[in-house]
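data-v4.cif (mmCIF, C-alpha atoms)
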```cif
data_coords
loop_
_atom_site.group_PDB
_atom_site.id
_atom_site.type_symbol
_atom_site.label_atom_id
_atom_site.label_comp_id
_atom_site.auth_asym_id
_atom_site.auth_seq_id
_atom_site.Cartn_x
_atom_site.Cartn_y
_atom_site.Cartn_z
ATOM 1 C CA MET A 1 -40.522 -15.153 -64.487
ATOM 2 C CA SER A 2 -43.672 -15.836 -66.488
ATOM 3 C CA LEU A 3 -43.765 -17.746 -69.758
ATOM 4 C CA PRO A 4 -44.870 -14.738 -71.876
ATOM 5 C CA ARG A 5 -42.039 -12.656 -70.409
ATOM 6 C CA MET A 6 -39.499 -15.409 -71.097
ATOM 7 C CA ALA A 7 -40.772 -15.867 -74.655
ATOM 8 C CA ALA A 8 -40.812 -12.130 -75.270
ATOM 9 C CA GLY A 9 -37.332 -11.867 -73.794
ATOM 10 C CA THR A 10 -35.873 -14.748 -75.794
ATOM 11 C CA LEU A 11 -37.578 -13.927 -79.065
ATOM 12 C CA GLY A 12 -37.591 -10.222 -78.309
ATOM 13 C CA ARG A 13 -33.863 -9.861 -78.690
ATOM 14 C CA ARG A 14 -34.003 -11.472 -82.124
ATOM 15 C CA VAL A 15 -37.022 -9.534 -83.459
ATOM 16 C CA GLU A 16 -36.474 -6.338 -81.467
ATOM 17 C CA ILE A 17 -39.465 -6.543 -79.084
ATOM 18 C CA ARG A 18 -38.900 -4.074 -76.248
ATOM 19 C CA GLY A 19 -41.407 -5.567 -73.777
ATOM 20 C CA LEU A 20 -44.855 -7.024 -73.295
ATOM 21 C CA ASP A 21 -46.433 -3.598 -73.702
ATOM 22 C CA ASP A 22 -44.967 -3.341 -77.212
ATOM 23 C CA TRP A 23 -47.431 -4.165 -80.020
ATOM 24 C CA ALA A 24 -44.752 -6.300 -81.636
ATOM 25 C CA SER A 25 -45.136 -8.808 -78.778
ATOM 26 C CA LEU A 26 -48.724 -9.612 -79.820
ATOM 27 C CA PRO A 27 -47.753 -12.377 -82.299
ATOM 28 C CA VAL A 28 -45.609 -14.034 -79.613
ATOM 29 C CA LEU A 29 -48.496 -13.956 -77.143
ATOM 30 C CA LEU A 30 -50.893 -15.323 -79.773
ATOM 31 C CA LEU A 31 -48.444 -18.115 -80.538
ATOM 32 C CA LEU A 32 -48.257 -19.022 -76.836
ATOM 33 C CA LEU A 33 -52.051 -18.941 -76.588
ATOM 34 C CA SER A 34 -52.373 -21.217 -79.613
ATOM 35 C CA VAL A 35 -49.871 -23.722 -78.205
ATOM 36 C CA PHE A 36 -51.627 -23.688 -74.821
ATOM 37 C CA SER A 37 -55.033 -24.151 -76.457
ATOM 38 C CA PHE A 38 -53.700 -27.012 -78.582
ATOM 39 C CA ALA A 39 -52.304 -28.723 -75.477
ATOM 40 C CA ILE A 40 -55.485 -28.295 -73.380
ATOM 41 C CA ASN A 41 -57.960 -29.300 -76.111
ATOM 42 C CA PRO A 42 -57.678 -33.096 -75.507
ATOM 43 C CA VAL A 43 -58.445 -32.621 -71.806
ATOM 44 C CA GLY A 44 -61.617 -30.666 -72.581
ATOM 45 C CA ALA A 45 -62.677 -33.210 -75.186
ATOM 46 C CA ALA A 46 -62.142 -36.100 -72.776
ATOM 47 C CA PHE A 47 -64.221 -34.391 -70.088
ATOM 48 C CA SER A 48 -66.977 -33.673 -72.608
ATOM 49 C CA ARG A 49 -66.995 -37.313 -73.722
ATOM 50 C CA TYR A 50 -67.204 -38.436 -70.097
ATOM 51 C CA LEU A 51 -70.240 -36.225 -69.447
ATOM 52 C CA GLU A 52 -71.882 -37.378 -72.679
ATOM 53 C CA HIS A 53 -71.290 -41.015 -71.725
ATOM 54 C CA GLN A 54 -72.843 -40.445 -68.300
ATOM 55 C CA ALA A 55 -75.909 -38.829 -69.892
ATOM 56 C CA ASP A 56 -76.271 -41.664 -72.415
ATOM 57 C CA GLN A 57 -75.939 -44.281 -69.707
ATOM 58 C CA TYR A 58 -78.595 -42.587 -67.571
ATOM 59 C CA GLY A 59 -80.917 -42.271 -70.569
ATOM 60 C CA LEU A 60 -80.556 -45.956 -71.373
ATOM 61 C CA GLU A 61 -81.218 -46.929 -67.764
ATOM 62 C CA VAL A 62 -84.391 -44.830 -67.679
ATOM 63 C CA THR A 63 -85.749 -46.073 -71.015
ATOM 64 C CA HIS A 64 -85.000 -49.725 -70.302
ATOM 65 C CA GLY A 65 -86.688 -49.669 -66.917
ATOM 66 C CA LEU A 66 -83.591 -50.043 -64.784
ATOM 67 C CA ARG A 67 -84.633 -46.990 -62.818
ATOM 68 C CA PRO A 68 -87.877 -47.340 -60.885
ATOM 69 C CA ASP A 69 -90.847 -45.372 -62.210
ATOM 70 C CA SER A 70 -89.260 -43.581 -65.153
ATOM 71 C CA GLY A 71 -92.370 -41.389 -65.553
ATOM 72 C CA GLN A 72 -91.877 -39.970 -62.068
ATOM 73 C CA ILE A 73 -88.201 -39.304 -62.785
ATOM 74 C CA ALA A 74 -89.126 -37.460 -65.999
ATOM 75 C CA ALA A 75 -91.732 -35.386 -64.140
ATOM 76 C CA GLN A 76 -89.165 -34.428 -61.506
ATOM 77 C CA ALA A 77 -86.655 -33.476 -64.191
ATOM 78 C CA PHE A 78 -89.190 -31.250 -65.966
ATOM 79 C CA GLN A 79 -90.112 -29.666 -62.635
ATOM 80 C CA VAL A 80 -86.477 -28.801 -61.947
ATOM 81 C CA LEU A 81 -86.027 -27.420 -65.472
ATOM 82 C CA GLY A 82 -89.097 -25.251 -65.013
ATOM 83 C CA GLU A 83 -87.860 -23.895 -61.709
ATOM 84 C CA VAL A 84 -84.468 -23.073 -63.121
ATOM 85 C CA GLY A 85 -86.057 -21.347 -66.091
ATOM 86 C CA LEU A 86 -84.723 -23.641 -68.791
ATOM 87 C CA SER A 87 -88.117 -24.657 -70.125
ATOM 88 C CA GLU A 88 -89.545 -22.926 -73.183
ATOM 89 C CA SER A 89 -92.953 -22.181 -71.716
#
```

Encoded form (C-alpha cells):
Amino acid sequence: MSLPRMAAGTLGRRVEIRGLDDWASLPVLLLLLSVFSFAINPVGAAFSRYLEHQADQYGLEVTHGLRPDSGQIAAQAFQVLGEVGLSES
C-alpha cells in the first residue's frame, strides 16, 4: 500500500475523504509532498555544495598554475562550450 493511500485512508476516515480521486484528498497529498520536499532538501543542498567546491578547487588550481598550460585548458573549455551551444556568440 502506498504512502498517499495510507495517509488518505487514515486521515480520510476522520475528514471524510472517499479516495485519492476525491478533491478533498488534495491537501493530504500536498502535505505529504511538503514533508518529502523538506526531508530531501538537505541532500540536494549537500550535493550542490559538493559540486560548487569541486568547481572552486579546479578554478584555484588553474589560476595558481597547478594545472599545466592554463591557457590551453581555457581554450579547450571554450571550444567545448561552443560545440555544445552554450556560448553567447

Expressed in Å to a single decimal, how great is the separation between atom CA of A:Glu83 and atom CA of A:Asp69?
->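 Here the two named atoms are 21.7 Å from each other.
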
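Computed from the coordinates, the atom CA of A:Gly71 to atom CA of A:Arg49 distance equals 27.0 Å.
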
For atom CA of A:Ala45 and atom CA of A:Leu29, the interatomic separation in Å (one decimal) =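 For atom CA of A:Ala45 relative to atom CA of A:Leu29, the distance reads 24.0 Å.
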